[in-house]
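Below is the file model.tsv, which contains TSV, C-alpha atoms.
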```
chain	number	residue	atom	x	y	z
H	1	MET	CA	-28.05	102.25	-2.76
H	2	GLY	CA	-27.74	104.32	0.43
H	3	ARG	CA	-30.46	106.21	2.22
H	4	ARG	CA	-29.22	109.54	0.86
H	5	GLU	CA	-29.86	108.38	-2.71
H	6	LEU	CA	-33.44	107.44	-1.79
H	7	LEU	CA	-34.27	110.87	-0.35
H	8	ARG	CA	-35.79	113.43	-2.68
H	9	ILE	CA	-33.75	116.61	-2.23
H	10	ASN	CA	-35.88	119.73	-2.72
H	11	ALA	CA	-33.04	122.24	-2.42
H	12	LYS	CA	-29.33	122.60	-1.69
H	13	LEU	CA	-28.23	125.23	0.81
H	14	LYS	CA	-24.83	126.70	1.62
H	15	ILE	CA	-24.21	127.85	5.19
H	16	GLU	CA	-20.92	129.69	5.73
H	17	TYR	CA	-19.55	130.58	9.16
H	18	LYS	CA	-17.10	133.48	9.44
H	19	SER	CA	-15.55	132.30	12.71
H	20	PHE	CA	-15.38	129.22	14.90
H	21	ASP	CA	-17.11	131.17	17.69
H	22	GLN	CA	-20.08	131.78	15.39
H	23	PHE	CA	-20.29	128.09	14.48
H	24	TYR	CA	-19.78	126.95	18.08
H	25	LYS	CA	-22.77	128.98	19.28
H	26	GLU	CA	-24.93	127.28	16.64
H	27	TYR	CA	-23.40	123.91	17.52
H	28	THR	CA	-24.12	124.08	21.25
H	29	LYS	CA	-27.63	125.44	20.64
H	30	ASP	CA	-28.87	123.29	17.76
H	31	ILE	CA	-26.35	121.24	15.77
H	32	SER	CA	-25.24	119.05	18.66
H	33	ASN	CA	-28.91	118.13	19.11
H	34	GLY	CA	-29.31	117.14	15.48
H	35	GLY	CA	-30.71	120.29	13.92
H	36	LEU	CA	-30.10	123.83	12.73
H	37	PHE	CA	-32.04	127.09	12.49
H	38	ILE	CA	-31.29	128.90	9.23
H	39	LYS	CA	-31.92	132.64	9.28
H	40	THR	CA	-33.31	133.69	5.90
H	41	ASP	CA	-36.16	135.61	4.27
H	42	LYS	CA	-36.32	133.02	1.48
H	43	VAL	CA	-37.95	130.20	3.43
H	44	LEU	CA	-38.93	126.87	1.94
H	45	LYS	CA	-41.93	124.70	2.76
H	46	SER	CA	-42.31	122.57	5.86
H	47	GLN	CA	-41.32	118.92	5.21
H	48	ASP	CA	-39.03	119.89	2.30
H	49	VAL	CA	-35.79	117.88	2.33
H	50	VAL	CA	-32.61	119.91	1.88
H	51	GLU	CA	-28.93	119.14	1.50
H	52	ILE	CA	-26.87	121.54	3.59
H	53	SER	CA	-23.20	122.34	3.00
H	54	LEU	CA	-21.56	123.61	6.18
H	55	HIS	CA	-18.52	125.74	5.32
H	56	LEU	CA	-16.40	125.98	8.47
H	57	PRO	CA	-13.36	128.18	9.18
H	58	GLY	CA	-10.13	126.22	8.78
H	59	ARG	CA	-11.67	123.47	6.64
H	60	ASP	CA	-11.09	123.28	2.89
H	61	ASP	CA	-14.06	121.00	2.20
H	62	PRO	CA	-17.64	121.59	3.37
H	63	ILE	CA	-19.42	119.11	5.62
H	64	LYS	CA	-22.68	117.95	4.06
H	65	VAL	CA	-25.82	116.83	5.89
H	66	VAL	CA	-29.40	116.21	4.81
H	67	GLY	CA	-32.30	117.60	6.80
H	68	GLU	CA	-36.06	118.05	6.81
H	69	ILE	CA	-37.62	121.47	7.34
H	70	VAL	CA	-39.85	121.17	10.39
H	71	HIS	CA	-40.54	124.78	11.34
H	72	VAL	CA	-40.91	127.92	9.22
H	73	ILE	CA	-41.13	131.55	10.32
H	74	GLU	CA	-42.33	133.66	7.39
H	75	PRO	CA	-40.92	137.22	7.07
H	76	GLU	CA	-44.39	138.74	7.62
H	77	LEU	CA	-44.86	136.81	10.87
H	78	ALA	CA	-41.33	137.61	11.99
H	79	ASN	CA	-41.81	141.33	11.40
H	80	ALA	CA	-45.11	141.33	13.28
H	81	HIS	CA	-43.58	139.78	16.40
H	82	GLY	CA	-40.02	141.09	16.24
H	83	TRP	CA	-38.61	137.63	15.49
H	84	GLU	CA	-36.00	136.49	12.98
H	85	SER	CA	-37.40	134.88	9.85
H	86	GLY	CA	-36.03	131.51	8.87
H	87	MET	CA	-36.55	127.77	9.08
H	88	GLY	CA	-35.75	125.03	11.56
H	89	VAL	CA	-34.16	121.90	10.12
H	90	HIS	CA	-33.87	118.46	11.70
H	91	PHE	CA	-31.00	116.38	10.35
H	92	VAL	CA	-32.20	113.08	8.90
H	93	ASP	CA	-29.06	111.72	7.24
H	94	PHE	CA	-25.30	111.99	7.52
H	95	LYS	CA	-22.68	110.57	5.21
H	96	LYS	CA	-20.53	107.92	6.85
H	97	GLY	CA	-18.13	109.55	9.28
H	98	THR	CA	-19.73	113.01	9.08
H	99	ARG	CA	-20.85	113.14	12.69
H	100	GLN	CA	-17.34	112.24	13.81
H	101	GLN	CA	-15.89	114.94	11.54
H	102	ILE	CA	-18.08	117.55	13.23
H	103	GLU	CA	-17.19	116.35	16.71
H	104	ASP	CA	-13.47	116.22	15.88
H	105	TYR	CA	-13.63	119.72	14.39
H	106	VAL	CA	-15.30	121.13	17.50
H	107	ALA	CA	-12.91	119.34	19.88
H	108	LYS	CA	-9.84	120.58	17.96
H	109	HIS	CA	-10.85	124.23	17.64
H	110	TYR	CA	-12.40	124.47	21.08
H	111	LYS	CA	-8.94	124.03	22.59
H	112	ASP	CA	-7.75	127.12	20.71
H	113	GLU	CA	-10.61	129.32	21.96
H	114	PRO	CA	-10.05	130.10	25.68
H	115	SER	CA	-13.01	132.51	25.67
H	116	LEU	CA	-15.36	129.57	25.12
H	117	ARG	CA	-14.20	127.66	28.19
H	118	VAL	CA	-16.92	128.30	30.72
H	119	PRO	CA	-18.02	125.97	33.55
H	120	ASP	CA	-20.33	123.05	32.70
H	121	ARG	CA	-20.05	123.50	28.93
H	122	ARG	CA	-19.17	120.29	27.12
H	123	ALA	CA	-16.45	120.53	24.47
H	124	HIS	CA	-17.39	117.30	22.83
H	125	PRO	CA	-21.17	116.69	22.91
H	126	ARG	CA	-22.63	113.94	20.81
H	127	VAL	CA	-24.40	114.78	17.56
H	128	SER	CA	-27.71	112.92	17.39
H	129	ILE	CA	-30.22	112.13	14.67
H	130	ARG	CA	-33.82	113.15	15.17
H	131	LEU	CA	-36.85	111.12	14.14
H	132	ARG	CA	-40.27	112.73	13.68
H	133	VAL	CA	-43.39	110.66	14.29
H	134	LYS	CA	-46.48	112.24	12.72
H	135	PHE	CA	-49.73	110.62	13.82
H	136	PRO	CA	-52.36	110.57	11.02
H	137	SER	CA	-55.29	110.93	13.42
H	138	LEU	CA	-56.21	111.35	17.07
H	139	GLU	CA	-57.58	107.81	17.04
H	140	VAL	CA	-54.19	106.40	16.01
H	141	LEU	CA	-52.42	108.47	18.67
H	142	GLN	CA	-54.79	107.25	21.39
H	143	GLN	CA	-54.39	103.66	20.21
H	144	ASP	CA	-50.60	103.95	20.27
H	145	TYR	CA	-50.82	105.44	23.75
H	146	SER	CA	-52.91	102.52	24.98
H	147	ASN	CA	-50.66	99.93	23.35
H	148	ASP	CA	-47.17	101.36	23.80
H	149	ILE	CA	-46.65	104.98	24.91
H	150	SER	CA	-48.25	104.49	28.32
H	151	ARG	CA	-45.78	101.63	28.86
H	152	GLY	CA	-42.77	103.79	28.07
H	153	GLY	CA	-42.19	103.19	24.37
H	154	ILE	CA	-43.61	103.21	20.86
H	155	PHE	CA	-43.65	100.98	17.79
H	156	ILE	CA	-42.88	102.70	14.49
H	157	GLN	CA	-43.83	101.06	11.22
H	158	THR	CA	-41.07	101.37	8.64
H	159	GLN	CA	-39.55	99.29	5.87
H	160	LYS	CA	-36.10	100.44	6.96
H	161	PRO	CA	-35.84	100.02	10.72
H	162	ARG	CA	-32.65	101.05	12.47
H	163	ALA	CA	-30.42	98.61	14.31
H	164	VAL	CA	-31.10	97.45	17.85
H	165	GLY	CA	-29.22	99.72	20.24
H	166	ASP	CA	-29.42	102.84	18.03
H	167	ARG	CA	-30.38	105.94	19.99
H	168	PHE	CA	-31.89	109.21	18.77
H	169	VAL	CA	-34.25	112.04	19.64
H	170	ILE	CA	-37.90	111.34	18.80
H	171	THR	CA	-40.31	114.20	18.09
H	172	LEU	CA	-43.97	113.23	18.48
H	173	VAL	CA	-46.31	115.50	16.47
H	174	HIS	CA	-49.92	115.83	17.66
H	175	PRO	CA	-52.40	115.29	14.77
H	176	VAL	CA	-54.87	117.95	15.99
H	177	SER	CA	-53.01	120.67	17.86
H	178	GLY	CA	-49.74	120.33	15.94
H	179	GLY	CA	-47.91	120.41	19.25
H	180	GLU	CA	-44.60	118.59	19.53
H	181	LEU	CA	-43.02	116.50	22.26
H	182	GLU	CA	-39.35	115.49	22.24
H	183	LEU	CA	-38.18	112.27	23.89
H	184	LYS	CA	-34.98	110.27	23.78
H	185	GLY	CA	-35.33	106.68	22.61
H	186	GLU	CA	-33.44	103.47	21.93
H	187	VAL	CA	-34.31	100.71	19.47
H	188	VAL	CA	-34.95	97.53	21.46
H	189	ARG	CA	-36.78	95.38	18.89
H	190	VAL	CA	-36.79	95.10	15.10
H	191	THR	CA	-39.38	93.20	13.07
H	192	ARG	CA	-39.34	92.55	9.34
H	193	GLU	CA	-42.35	91.69	7.26
H	194	GLU	CA	-42.58	88.03	6.34
H	195	ALA	CA	-44.68	87.27	3.28
H	196	LYS	CA	-45.86	83.98	4.78
H	197	VAL	CA	-47.03	85.55	8.03
H	198	PRO	CA	-50.48	87.18	7.74
H	199	GLY	CA	-50.63	90.68	9.22
H	200	ALA	CA	-46.88	90.91	9.77
H	201	ILE	CA	-45.57	94.49	9.89
H	202	SER	CA	-42.02	95.79	9.47
H	203	GLY	CA	-40.86	98.27	12.04
H	204	MET	CA	-38.97	98.90	15.25
H	205	GLY	CA	-39.89	98.97	18.91
H	206	ILE	CA	-38.42	101.97	20.73
H	207	ARG	CA	-37.97	102.34	24.46
H	208	PHE	CA	-38.08	105.89	25.77
H	209	LEU	CA	-35.06	106.90	27.84
H	210	GLU	CA	-34.77	109.19	30.86
H	211	LEU	CA	-38.49	109.01	31.65
H	212	ASP	CA	-38.67	110.85	34.95
H	213	LYS	CA	-41.77	112.29	36.62
H	214	GLU	CA	-41.59	115.52	34.59
H	215	LYS	CA	-41.36	113.62	31.31
H	216	HIS	CA	-44.44	111.59	32.23
H	217	LYS	CA	-46.29	114.83	32.92
H	218	SER	CA	-45.16	116.17	29.54
H	219	ILE	CA	-46.52	113.05	27.81
H	220	GLU	CA	-49.87	113.40	29.58
H	221	LYS	CA	-50.06	117.08	28.67
H	222	PHE	CA	-49.21	116.28	25.05
H	223	LEU	CA	-52.02	113.71	24.94
H	224	GLY	CA	-54.47	115.99	26.72
H	225	ILE	CA	-54.78	113.69	29.73
H	226	ASN	CA	-55.73	115.47	32.91
H	227	LYS	CA	-54.95	113.54	36.07
H	228	PRO	CA	-55.85	114.69	39.58
```
Could you write out this structure as structure tokens?
Amino acid sequence: MGRRELLRINAKLKIEYKSFDQFYKEYTKDISNGGLFIKTDKVLKSQDVVEISLHLPGRDDPIKVVGEIVHVIEPELANAHGWESGMGVHFVDFKKGTRQQIEDYVAKHYKDEPSLRVPDRRAHPRVSIRLRVKFPSLEVLQQDYSNDISRGGIFIQTQKPRAVGDRFVITLVHPVSGGELELKGEVVRVTREEAKVPGAISGMGIRFLELDKEKHKSIEKFLGINKP
């Protein structure tokens, strides 16, 4: 049984694009980074899991992805601030070959759209999966910082760890403020629970990538650490 069959789908959504230009703008802004903002007044709840059918110009069959709703803008809030109501979705599962289908579609149609060819814009960016890490308490966050985060990584407990070498975007969610911090990571260690080993925990060790000075400052700000 695949991961998709294990996910509880709360709703199925159909997103139809009238032109490649319309889809490409969404792709470069959100989809290529593993997510999508859906403009709608009929928002669902945060953490709901949805199956999304992307209907693209020039394709007979929709491309289906599964995502988790991570951000909701209610119509009342949108009206009060002049925003667009809707919900932000992070992709959590693709069918086999789906990411390549999206990349191939963009690469093929991009060549036929001269108006999109501007300097420094990639025609073939990589679609990535996002992983959200929600800390249950400030104590757990501080402990993880002491043990792993301060050393440039994190250990995530899971019964279904990914393979060593897998890369994705990690979103750390603060347990008190609700603030979020995005980091790129790579799986460097996988452990599986052994019944005969007391205290053994299944999970994966992730090394943060591209940790420059600014990223370190972002981590300290996220944790509320003030350094002189």
Close residues, Ser85 of chain H itself excluded, 12 Å, only C-alpha atoms, min 2 positions apart in chain, as a list in words
Phe37, Ile38, Lys39, Thr40, Asp41, Lys42, Val43, Leu44, His71, Val72, Ile73, Glu74, Pro75, Glu76, Leu77, Ala78, Asn79, Ala80, His81, Gly82, Trp83, Met87 and Gly88 of chain H
Residue neighbourhood Phe208 of chain H, 6 Å, only C-alpha atoms, exclusion window fewer than 4 positions, as a PyMOL selection string
chain H and resi 152-153+184-185
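If all atoms listed in the file are the atoms counted, then among H:Leu183, H:Arg189, H:Asp60, H:Asp144 the closest residue to Asp166 of chain H is H:Arg189.
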From the list H:Val140, H:Met204, H:Leu223, H:Ile156, the nearest residue to Ser177 of chain H using all atoms listed in the file is H:Leu223
Can you work out which one of H:Arg132, H:Lys64, H:Lys29, H:His216 has the shortest atom-to-atom distance to Leu13 of chain H, counting only C-alpha atoms?
H:Lys64
In Å, rounded to a single decimal, give me how far atom CA of Arg151 of chain H is from atom CA of Val190 of chain H.
17.7 Å
Spatial neighbours of segment 45-52 of chain H, max dist 7 Å, all atoms listed in the file, sep filter under 2 positions, as number ranges by chain:
H: 8-14, 43, 54, 64-72
Please produce an output containing C-alpha atoms for each residue in the selection, written as a PDB file, keeping the file's coordinate frame.
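Output file result-v1.pdb follows:
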```pdb
ATOM      1  CA  ARG H   8     -35.790 113.430  -2.680  1.00  0.00           C
ATOM      2  CA  ILE H   9     -33.750 116.610  -2.230  1.00  0.00           C
ATOM      3  CA  ASN H  10     -35.880 119.730  -2.720  1.00  0.00           C
ATOM      4  CA  ALA H  11     -33.040 122.240  -2.420  1.00  0.00           C
ATOM      5  CA  LYS H  12     -29.330 122.600  -1.690  1.00  0.00           C
ATOM      6  CA  LEU H  13     -28.230 125.230   0.810  1.00  0.00           C
ATOM      7  CA  LYS H  14     -24.830 126.700   1.620  1.00  0.00           C
ATOM      8  CA  VAL H  43     -37.950 130.200   3.430  1.00  0.00           C
ATOM      9  CA  LEU H  54     -21.560 123.610   6.180  1.00  0.00           C
ATOM     10  CA  LYS H  64     -22.680 117.950   4.060  1.00  0.00           C
ATOM     11  CA  VAL H  65     -25.820 116.830   5.890  1.00  0.00           C
ATOM     12  CA  VAL H  66     -29.400 116.210   4.810  1.00  0.00           C
ATOM     13  CA  GLY H  67     -32.300 117.600   6.800  1.00  0.00           C
ATOM     14  CA  GLU H  68     -36.060 118.050   6.810  1.00  0.00           C
ATOM     15  CA  ILE H  69     -37.620 121.470   7.340  1.00  0.00           C
ATOM     16  CA  VAL H  70     -39.850 121.170  10.390  1.00  0.00           C
ATOM     17  CA  HIS H  71     -40.540 124.780  11.340  1.00  0.00           C
ATOM     18  CA  VAL H  72     -40.910 127.920   9.220  1.00  0.00           C
TER      19      VAL H  72
END
```
Please compute the atom CA of Ile201 of chain H-atom CA of Phe94 of chain H distance, one decimal, in Å.
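Separation of atom CA of Ile201 of chain H and atom CA of Phe94 of chain H: 26.9 Å.
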One number please: atom CA of Glu180 of chain H to atom CA of Ser150 of chain H, in Å, one decimal.
17.0 Å
Using all atoms listed in the file: which of H:Glu220, H:Asp21, H:Asp61, H:Glu26 has the shortest distance to Ile149 of chain H:
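Using all atoms listed in the file, the shortest distance to Ile149 of chain H belongs to H:Glu220.
Of the residues listed (H:Ile15, H:Val176, H:Val164, H:Ile129), H:Val176 shows the shortest atom-to-atom separation from Gly224 of chain H; distances use only C-alpha atoms.
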Test item: residues at most 10 Å from Tyr105 of chain H, all atoms listed in the file, excluding those fewer than 4 positions along its chain, as an mmCIF file with C-alpha atoms, keeping the file's coordinate frame:
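After the write, result-v9.cif holds the following:
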```
data_model
loop_
_atom_site.group_PDB
_atom_site.id
_atom_site.type_symbol
_atom_site.label_atom_id
_atom_site.label_comp_id
_atom_site.auth_asym_id
_atom_site.auth_seq_id
_atom_site.Cartn_x
_atom_site.Cartn_y
_atom_site.Cartn_z
ATOM 1 C CA PHE H 20 -15.380 129.220 14.900
ATOM 2 C CA LEU H 56 -16.400 125.980 8.470
ATOM 3 C CA PRO H 57 -13.360 128.180 9.180
ATOM 4 C CA GLY H 58 -10.130 126.220 8.780
ATOM 5 C CA ARG H 59 -11.670 123.470 6.640
ATOM 6 C CA ARG H 99 -20.850 113.140 12.690
ATOM 7 C CA GLN H 100 -17.340 112.240 13.810
ATOM 8 C CA GLN H 101 -15.890 114.940 11.540
ATOM 9 C CA HIS H 109 -10.850 124.230 17.640
ATOM 10 C CA TYR H 110 -12.400 124.470 21.080
ATOM 11 C CA HIS H 124 -17.390 117.300 22.830
#
```
Please put the answer as lines of an AutoDock Vina configuration file: centre and edge lengths, in Å with one decimal, of a box along x, y and z that encloses all listed atoms of segment 98-102 of chain H plus 5 Å on each side.
```
center_x = -18.4
center_y = 114.9
center_z = 11.4
size_x = 15.0
size_y = 15.3
size_z = 14.7
```
Name all residues at most 12 Å from Lys25 of chain H (count only C-alpha atoms; drop same-chain ones fewer than 2 positions away) and give them as a list in words.
Tyr17, Ser19, Phe20, Asp21, Gln22, Phe23, Tyr27, Thr28, Lys29, Asp30, Ile31, Ser32, Leu36, Phe37, Val106, Tyr110, Leu116, Arg121 and Ala123 of chain H
